[in-house]
>>> print(open('final05.txt').read())   # compact mmCIF, C-alpha atoms and all ligand atoms
# COMPACT_ATOMS: atom_id res chain seq x y z
CA MET A 26 -7.09 19.26 1.17
CA SER A 27 -8.98 16.68 -0.89
CA ILE A 28 -9.26 14.17 1.92
CA GLN A 29 -9.22 14.96 5.60
CA LEU A 30 -9.91 12.62 8.50
CA ASN A 31 -9.74 13.97 12.03
CA SER A 32 -9.70 11.56 14.98
CA VAL A 33 -12.02 9.07 13.32
CA THR A 34 -13.12 6.04 15.32
CA LYS A 35 -15.40 3.20 14.25
CA ILE A 36 -16.69 0.53 16.60
CA TYR A 37 -18.64 -2.52 15.41
CA GLY A 38 -20.40 -3.98 18.45
CA ASN A 39 -17.54 -4.16 20.87
CA GLN A 40 -14.86 -4.38 18.14
CA LYS A 41 -12.93 -1.14 17.63
CA ALA A 42 -12.11 -1.35 13.92
CA ILE A 43 -10.34 2.01 13.71
CA ASN A 44 -9.14 4.14 16.57
CA THR A 45 -8.75 7.96 16.33
CA ILE A 46 -7.34 7.96 12.83
CA SER A 47 -6.21 11.27 11.36
CA PHE A 48 -4.62 11.99 7.99
CA SER A 49 -5.11 14.19 4.97
CA ALA A 50 -4.15 13.93 1.33
CA LYS A 51 -4.00 16.37 -1.55
CA LYS A 52 -4.24 16.37 -5.33
CA GLY A 53 -1.40 14.54 -7.08
CA GLU A 54 -0.81 12.22 -4.16
CA ILE A 55 -1.17 8.48 -4.64
CA VAL A 56 -1.33 7.25 -1.10
CA GLY A 57 -0.72 3.59 -0.41
CA PHE A 58 -2.92 2.55 2.48
CA LEU A 59 -1.13 -0.49 3.72
CA GLY A 60 -1.91 -2.94 6.46
CA PRO A 61 -2.48 -6.62 7.18
CA ASN A 62 -5.94 -8.16 6.90
CA GLY A 63 -8.28 -6.80 9.54
CA ALA A 64 -6.18 -3.66 10.11
CA GLY A 65 -9.06 -1.30 9.30
CA LYS A 66 -8.40 -0.31 5.68
CA SER A 67 -11.83 -1.12 4.25
CA THR A 68 -13.58 0.43 7.23
CA THR A 69 -11.66 3.69 6.72
CA MET A 70 -12.48 3.67 3.02
CA LYS A 71 -16.17 2.97 3.60
CA ILE A 72 -16.28 5.89 6.03
CA LEU A 73 -14.54 8.16 3.53
CA THR A 74 -17.03 7.26 0.85
CA GLY A 75 -20.00 7.82 3.17
CA PHE A 76 -21.18 4.20 3.13
CA ILE A 77 -20.81 3.83 6.87
CA LYS A 78 -20.72 6.46 9.58
CA PRO A 79 -17.93 6.84 12.12
CA ASN A 80 -18.72 6.78 15.84
CA GLU A 81 -16.45 9.75 16.36
CA GLY A 82 -14.42 12.20 14.34
CA THR A 83 -14.91 14.28 11.20
CA VAL A 84 -14.38 13.33 7.58
CA LEU A 85 -14.11 15.89 4.79
CA VAL A 86 -13.67 15.39 1.05
CA ASP A 87 -13.00 18.56 -0.92
CA ASP A 88 -14.06 20.35 2.27
CA ILE A 89 -17.49 18.68 2.24
CA ASN A 90 -18.52 16.91 5.42
CA VAL A 91 -19.15 13.31 4.37
CA VAL A 92 -21.43 12.47 7.30
CA ASN A 93 -23.68 15.50 6.82
CA ASN A 94 -23.61 15.62 3.00
CA PRO A 95 -22.87 12.11 1.73
CA ILE A 96 -24.48 12.68 -1.69
CA ASP A 97 -22.44 15.79 -2.41
CA ALA A 98 -19.30 14.11 -1.13
CA GLN A 99 -19.89 11.04 -3.28
CA LYS A 100 -19.97 13.24 -6.40
CA ARG A 101 -16.30 13.98 -5.73
CA ILE A 102 -15.34 10.36 -5.15
CA GLY A 103 -14.72 7.42 -7.46
CA TYR A 104 -14.84 4.22 -5.43
CA LEU A 105 -13.68 0.78 -6.43
CA PRO A 106 -14.77 -1.57 -3.66
CA GLU A 107 -12.76 -4.64 -2.78
CA HIS A 108 -15.23 -7.07 -4.33
CA ASN A 109 -16.14 -5.10 -7.36
CA PRO A 110 -19.88 -5.79 -7.71
CA LEU A 111 -20.15 -5.98 -11.47
CA TYR A 112 -23.31 -7.19 -13.16
CA THR A 113 -21.52 -9.85 -15.09
CA ASP A 114 -24.18 -10.64 -17.69
CA MET A 115 -24.17 -7.07 -18.99
CA TYR A 116 -22.07 -5.89 -21.90
CA VAL A 117 -19.26 -3.51 -20.97
CA LYS A 118 -20.83 -0.48 -22.64
CA GLU A 119 -24.28 -1.37 -21.37
CA TYR A 120 -22.96 -1.65 -17.81
CA LEU A 121 -21.15 1.69 -17.99
CA GLN A 122 -24.20 3.39 -19.50
CA PHE A 123 -26.35 1.84 -16.77
CA HIS A 124 -23.91 3.15 -14.19
CA ALA A 125 -24.00 6.61 -15.74
CA ASP A 126 -27.82 6.56 -15.77
CA ILE A 127 -28.33 5.49 -12.16
CA HIS A 128 -25.89 8.16 -11.04
CA ASN A 129 -27.52 10.68 -13.33
CA ILE A 130 -24.29 11.44 -15.15
CA LYS A 131 -25.31 13.20 -18.36
CA THR A 132 -22.18 14.78 -19.71
CA ILE A 133 -20.08 11.70 -20.18
CA ASN A 134 -18.80 10.11 -23.34
CA ILE A 135 -18.64 6.39 -22.49
CA ASN A 136 -16.23 5.74 -25.38
CA ASP A 137 -13.74 8.26 -23.98
CA VAL A 138 -13.77 6.51 -20.62
CA ILE A 139 -13.42 3.11 -22.30
CA SER A 140 -10.34 4.25 -24.15
CA LYS A 141 -8.92 5.97 -21.04
CA VAL A 142 -8.90 2.70 -19.11
CA GLY A 143 -7.65 0.67 -22.09
CA LEU A 144 -10.83 -1.36 -22.54
CA GLY A 145 -11.12 -0.67 -26.26
CA LYS A 146 -10.66 -4.14 -27.70
CA GLU A 147 -12.79 -5.82 -25.03
CA ALA A 148 -15.56 -3.24 -24.92
CA HIS A 149 -17.96 -5.24 -27.12
CA LYS A 150 -17.90 -8.24 -24.72
CA LYS A 151 -20.03 -9.25 -21.81
CA ILE A 152 -18.37 -8.69 -18.46
CA ASN A 153 -18.41 -12.42 -17.66
CA GLN A 154 -16.25 -13.02 -20.75
CA LEU A 155 -13.51 -10.73 -19.42
CA SER A 156 -10.39 -11.65 -17.47
CA LYS A 157 -10.05 -10.38 -13.91
CA GLY A 158 -7.69 -7.63 -15.14
CA TYR A 159 -10.24 -6.35 -17.64
CA ARG A 160 -13.02 -6.56 -15.08
CA GLN A 161 -10.95 -4.29 -12.86
CA ARG A 162 -10.70 -1.89 -15.78
CA VAL A 163 -14.50 -1.90 -16.02
CA GLY A 164 -14.64 -1.18 -12.28
CA LEU A 165 -12.16 1.67 -12.71
CA ALA A 166 -14.11 3.00 -15.70
CA ALA A 167 -17.29 3.02 -13.60
CA ALA A 168 -15.41 4.76 -10.78
CA ILE A 169 -14.20 7.62 -13.01
CA LEU A 170 -17.37 8.12 -15.11
CA HIS A 171 -18.33 11.25 -13.19
CA ASP A 172 -14.75 12.59 -13.32
CA PRO A 173 -14.22 12.57 -9.55
CA SER A 174 -11.29 14.42 -8.00
CA ILE A 175 -10.69 11.59 -5.53
CA LEU A 176 -10.24 7.89 -6.20
CA ILE A 177 -10.67 5.35 -3.41
CA LEU A 178 -9.44 1.95 -4.52
CA ASP A 179 -9.85 -0.97 -2.15
CA GLU A 180 -7.28 -3.68 -2.95
CA PRO A 181 -7.57 -3.02 -6.71
CA THR A 182 -4.84 -5.44 -7.75
CA THR A 183 -5.74 -8.51 -5.67
CA GLY A 184 -6.01 -11.63 -7.79
CA LEU A 185 -4.41 -10.21 -10.93
CA ASP A 186 -1.76 -12.12 -12.86
CA PRO A 187 1.67 -10.45 -13.20
CA ASN A 188 0.93 -8.85 -16.60
CA GLN A 189 -2.44 -7.55 -15.54
CA LEU A 190 -0.85 -6.28 -12.36
CA VAL A 191 1.64 -4.13 -14.23
CA GLU A 192 -1.08 -2.79 -16.54
CA ILE A 193 -3.47 -1.87 -13.75
CA ARG A 194 -0.68 -0.29 -11.71
CA ASN A 195 0.26 1.88 -14.70
CA LEU A 196 -3.35 2.80 -15.24
CA ILE A 197 -3.74 3.86 -11.62
CA LYS A 198 -0.54 5.92 -11.81
CA ASP A 199 -1.85 7.58 -14.92
CA LEU A 200 -5.29 8.29 -13.47
CA GLY A 201 -3.63 9.58 -10.30
CA LYS A 202 -1.74 12.39 -12.04
CA ASN A 203 -4.45 14.93 -11.45
CA LYS A 204 -6.50 13.29 -8.72
CA THR A 205 -6.04 12.23 -5.14
CA VAL A 206 -5.78 8.47 -4.88
CA LEU A 207 -6.10 6.34 -1.77
CA PHE A 208 -5.08 2.82 -2.66
CA SER A 209 -5.35 0.01 -0.14
CA THR A 210 -3.24 -3.11 -0.21
CA HIS A 211 -1.63 -5.60 2.11
CA ILE A 212 1.44 -5.89 -0.14
CA MET A 213 4.36 -3.53 0.35
CA GLN A 214 5.68 -3.96 -3.22
CA GLU A 215 2.38 -2.55 -4.48
CA VAL A 216 3.05 0.66 -2.64
CA GLU A 217 6.60 0.88 -3.94
CA ALA A 218 5.37 0.38 -7.51
CA VAL A 219 2.46 2.81 -7.53
CA CYS A 220 2.47 5.30 -4.69
CA ASN A 221 4.38 8.38 -3.64
CA ARG A 222 3.29 8.20 -0.02
CA VAL A 223 2.53 5.39 2.38
CA ILE A 224 0.27 5.19 5.39
CA ILE A 225 0.61 1.98 7.37
CA ILE A 226 -2.31 0.95 9.55
CA ASN A 227 -2.21 -1.81 12.12
CA ASN A 228 -4.90 -2.82 14.63
CA GLY A 229 -6.96 0.21 13.65
CA GLU A 230 -4.17 2.72 14.27
CA ILE A 231 -1.80 4.54 11.95
CA VAL A 232 1.75 3.47 12.66
CA ILE A 233 3.51 5.38 9.89
CA ASP A 234 2.66 8.16 7.46
CA LYS A 235 5.57 9.14 5.24
CA GLN A 236 6.62 10.03 1.72
CA LEU A 237 8.06 6.99 0.01
CA ASN A 238 11.36 8.81 -0.64
CA GLU A 239 11.80 9.44 3.06
CA LEU A 240 11.41 5.75 3.80
CA LYS A 241 13.80 4.72 1.07
CA GLU A 242 16.52 6.88 2.57
CA ASN A 243 16.71 4.58 5.53
CA ASN A 244 20.35 3.50 5.60
CA GLU A 245 20.35 0.48 7.88
CA GLN A 246 22.18 -2.61 6.69
CA ILE A 247 21.56 -5.98 8.22
CA ILE A 248 24.32 -8.52 7.75
CA THR A 249 24.16 -12.14 8.77
CA ILE A 250 27.62 -13.58 9.11
CA ALA A 251 29.13 -16.89 10.27
CA PHE A 252 32.77 -17.25 11.31
CA ASP A 253 34.83 -20.40 11.57
CA TYR A 254 35.05 -20.28 15.35
CA LYS A 255 33.26 -18.84 18.32
CA ILE A 256 33.94 -15.25 19.33
CA GLU A 257 32.64 -13.00 22.07
CA GLU A 258 30.05 -10.30 21.45
CA GLN A 259 32.39 -7.60 22.83
CA PHE A 260 34.78 -8.45 20.08
CA LEU A 261 32.19 -7.54 17.42
CA GLN A 262 31.46 -4.26 19.17
CA ARG A 263 34.79 -3.02 17.80
CA LEU A 264 33.24 -2.92 14.33
CA PRO A 265 32.56 0.61 13.07
CA ASN A 266 28.91 1.78 12.74
CA VAL A 267 27.50 -1.34 14.35
CA THR A 268 24.21 -0.56 16.12
CA ASN A 269 22.94 -4.01 17.01
CA ILE A 270 24.52 -7.42 17.51
CA LYS A 271 22.56 -10.64 17.82
CA ASN A 272 23.92 -14.14 18.14
CA ASN A 273 21.79 -16.51 16.04
CA PHE A 274 23.42 -19.77 17.05
CA ASP A 275 26.99 -21.03 17.49
CA ASN A 276 29.18 -18.84 15.27
CA SER A 277 26.39 -17.11 13.37
CA TRP A 278 25.57 -13.45 14.05
CA THR A 279 23.16 -10.83 12.78
CA LEU A 280 24.75 -7.41 12.78
CA THR A 281 22.94 -4.14 12.13
CA PHE A 282 24.92 -1.19 10.83
CA THR A 283 23.78 2.37 10.33
CA SER A 284 25.93 3.63 7.54
CA GLU A 285 25.73 4.73 3.94
CA GLU A 286 28.90 2.78 3.26
CA ASP A 287 28.71 -0.88 2.22
CA MET A 288 29.93 -2.65 5.36
CA ARG A 289 30.83 -5.96 3.71
CA PRO A 290 34.43 -5.03 2.73
CA LYS A 291 34.93 -3.72 6.25
CA LEU A 292 33.84 -7.09 7.62
CA PHE A 293 36.29 -8.94 5.40
CA ASP A 294 39.11 -6.65 6.59
CA PHE A 295 38.02 -7.17 10.20
CA ALA A 296 38.00 -10.97 9.79
CA GLN A 297 41.41 -10.99 8.15
CA GLU A 298 42.89 -8.72 10.78
CA HIS A 299 41.69 -11.07 13.54
CA GLU A 300 42.50 -14.26 11.66
CA LEU A 301 38.91 -15.31 11.35
CA LYS A 302 37.42 -17.00 8.33
CA ILE A 303 34.00 -15.99 7.02
CA LEU A 304 31.96 -19.09 6.22
CA GLU A 305 28.79 -17.27 5.28
CA LEU A 306 27.70 -13.69 4.69
CA ASN A 307 24.30 -12.31 3.75
CA SER A 308 23.48 -8.66 3.46
CA GLU A 309 20.12 -6.93 3.18
CA ASN A 310 19.18 -3.31 3.38
CA LYS A 311 16.45 -2.64 5.82
CA ASN A 312 13.87 -2.21 3.11
CA LEU A 313 10.25 -1.22 3.15
CA GLU A 314 9.22 -4.84 3.35
CA SER A 315 11.12 -5.45 6.58
CA LEU A 316 9.88 -2.15 7.98
CA PHE A 317 6.30 -3.18 7.22
CA ARG A 318 6.84 -6.54 8.93
CA GLU A 319 8.33 -4.84 11.95
CA LEU A 320 5.50 -2.31 12.24
CA THR A 321 2.67 -4.77 11.76
CA SER A 322 3.91 -7.91 13.46
CA SER A 323 1.82 -8.78 16.50
CA LYS A 324 3.87 -8.21 19.57
P1 LIG A 401 -9.05 -4.54 6.40
O1 LIG A 401 -9.78 -3.87 5.28
O2 LIG A 401 -7.76 -3.84 6.75
O3 LIG A 401 -8.84 -6.01 6.18
P2 LIG A 401 -11.49 -4.09 7.90
O4 LIG A 401 -11.71 -2.63 7.91
O5 LIG A 401 -12.30 -4.90 6.94
O6 LIG A 401 -9.94 -4.40 7.73
O7 LIG A 401 -11.75 -4.67 9.36
C1 LIG A 401 -11.23 -4.07 10.55
C2 LIG A 401 -11.76 -4.82 11.75
O8 LIG A 401 -13.17 -4.60 11.88
C3 LIG A 401 -11.60 -6.34 11.67
O9 LIG A 401 -11.33 -6.81 12.96
C4 LIG A 401 -12.94 -6.81 11.17
O10 LIG A 401 -13.19 -8.12 11.61
C5 LIG A 401 -13.88 -5.82 11.82
N1 LIG A 401 -15.08 -5.59 11.00
C6 LIG A 401 -15.10 -5.11 9.74
N2 LIG A 401 -16.37 -5.00 9.29
C7 LIG A 401 -17.17 -5.43 10.30
C8 LIG A 401 -18.58 -5.55 10.47
N3 LIG A 401 -19.43 -5.18 9.52
N4 LIG A 401 -19.03 -6.02 11.65
C9 LIG A 401 -18.18 -6.36 12.64
N5 LIG A 401 -16.84 -6.27 12.56
C10 LIG A 401 -16.33 -5.81 11.39
>>> encode(input="final05.txt", output="structure tokens", more="lines below")
Ligand code: ADP
Amino acid sequence: MSIQLNSVTKIYGNQKAINTISFSAKKGEIVGFLGPNGAGKSTTMKILTGFIKPNEGTVLVDDINVVNNPIDAQKRIGYLPEHNPLYTDMYVKEYLQFHADIHNIKTININDVISKVGLGKEAHKKINQLSKGYRQRVGLAAAILHDPSILILDEPTTGLDPNQLVEIRNLIKDLGKNKTVLFSTHIMQEVEAVCNRVIIINNGEIVIDKQLNELKENNEQIITIAFDYKIEEQFLQRLPNVTNIKNNFDNSWTLTFTSEEDMRPKLFDFAQEHELKILELNSENKNLESLFRELTSSK
């Protein structure tokens, strides 16, 4: 395994930031590490990269113990921190060369890395002349200079405009083909667009760890419906595949069905059969977004 965390806990003062977290990831996986602000994403990433030590648990990257051998572990890791600390008055090439020098990376062709991250036409500029999207490319270039097998990217797309967003997502997907990528975000759509696996963290604990395909197979349908007059809940229980019934107000109901079949035609038939009129109908599949909300809402 490229990344392995076993029962890792980190406490700041009396604040438990992460609580007995365990997961592993292998080459070719782009893992979306998803959670609301304060969930523990950055803490986990800083522990993985050896910048802070856990109170308990073991952390291995490419089978190297990060706590005992942080320098060796860091050679395997490319890290893009949340607030990418770029020296903004340096030129792009100068910055990358500087980065290579301080990390004693000798065998790198800076121009190859520049073209790999699509910085070509901006490479002659100073970093402070670049857009946020291009600055992220510089950060990614710096992170892959030593050809690490693992990429740890802390909220790499925050603050990008929609075009930059698509470009950086594609770049990460491309870089991730033969690496292990852990990609943190608080936005579910990010995970859907980039990752093949999702780990959701909330209040310092992992609440879900699944392949994206598995999650997409969820076949719950939620239908909000309003009839023209008031009916009893028992009446709606006659509907096929209905697993939950909630009265919103007056004649409005939220019905949950577990079925691969589209339940809307069935509802029209049901209404007609019982001489009801449908005044409103809204259908949504229980998507990843609603799952994320459900798993991370404070109870
Ligand atoms: P996320 O990256 O998911 O937003 P963090 O890992 O930054 O979450 O934070 C997890 C929890 O730990 C939060 O409650 C945060 O306030 C707390 N925390 C993070 N860093 C520190 C620190 N250096 N000192 C004290 N508390 C911290």
>>> axis_aligned_box(input="final05.txt", around="ligand LIG 401 (chain A)", padding_each_side="5 Å", output="JSON")
{"center_x": -13.6, "center_y": -5.4, "center_z": 9.1, "size_x": 21.7, "size_y": 15.5, "size_z": 17.7}
>>> residues_near_ligand(input="final05.txt", ligand="ligand LIG 401 (chain A)", cutoff="7 Å", atoms="all atoms listed in the file", output="NGL selection string")
:A and (37-38 or 40-43 or 60-69 or 229)
>>> closest_residue(input="final05.txt", among="A:Ile175, A:Leu155, A:Met70, A:Leu59", to="A:His211", atoms="only C-alpha atoms")
A:Leu59
>>> atom_distance(input="final05.txt", atom1="atom CA of A:Ser284", atom2="atom CA of A:Asn227")
29.0 Å
>>> atom_distance(input="final05.txt", atom1="atom CA of A:Ser174", atom2="atom CA of A:Glu215")
22.1 Å
>>> residues_near_point(input="final05.txt", point="(40.4, -9.2, 11.8)", cutoff="12 Å", atoms="only C-alpha atoms", output="count of residues only")
20
>>> atom_distance(input="final05.txt", atom1="atom CA of A:Leu200", atom2="atom CA of A:Lys78")
27.8 Å
>>> residues_near_point(input="final05.txt", point="(-18.4, 5.1, 7.4)", cutoff="12 Å", atoms="all atoms listed in the file", output="PyMOL selection string")
chain A and resi 30+33-37+42-43+65-85+90-93+95
>>> closest_residue(input="final05.txt", among="A:Val163, A:Ile46, A:Gly184, A:Phe282", to="A:Ser140", atoms="all atoms listed in the file")
A:Val163
>>> residues_around(input="final05.txt", residues="A:Thr283", least_positions_apart="4", cutoff="6 Å", atoms="all atoms listed in the file", output="list in words")
Asn244, Glu245 and Asn266 of chain A
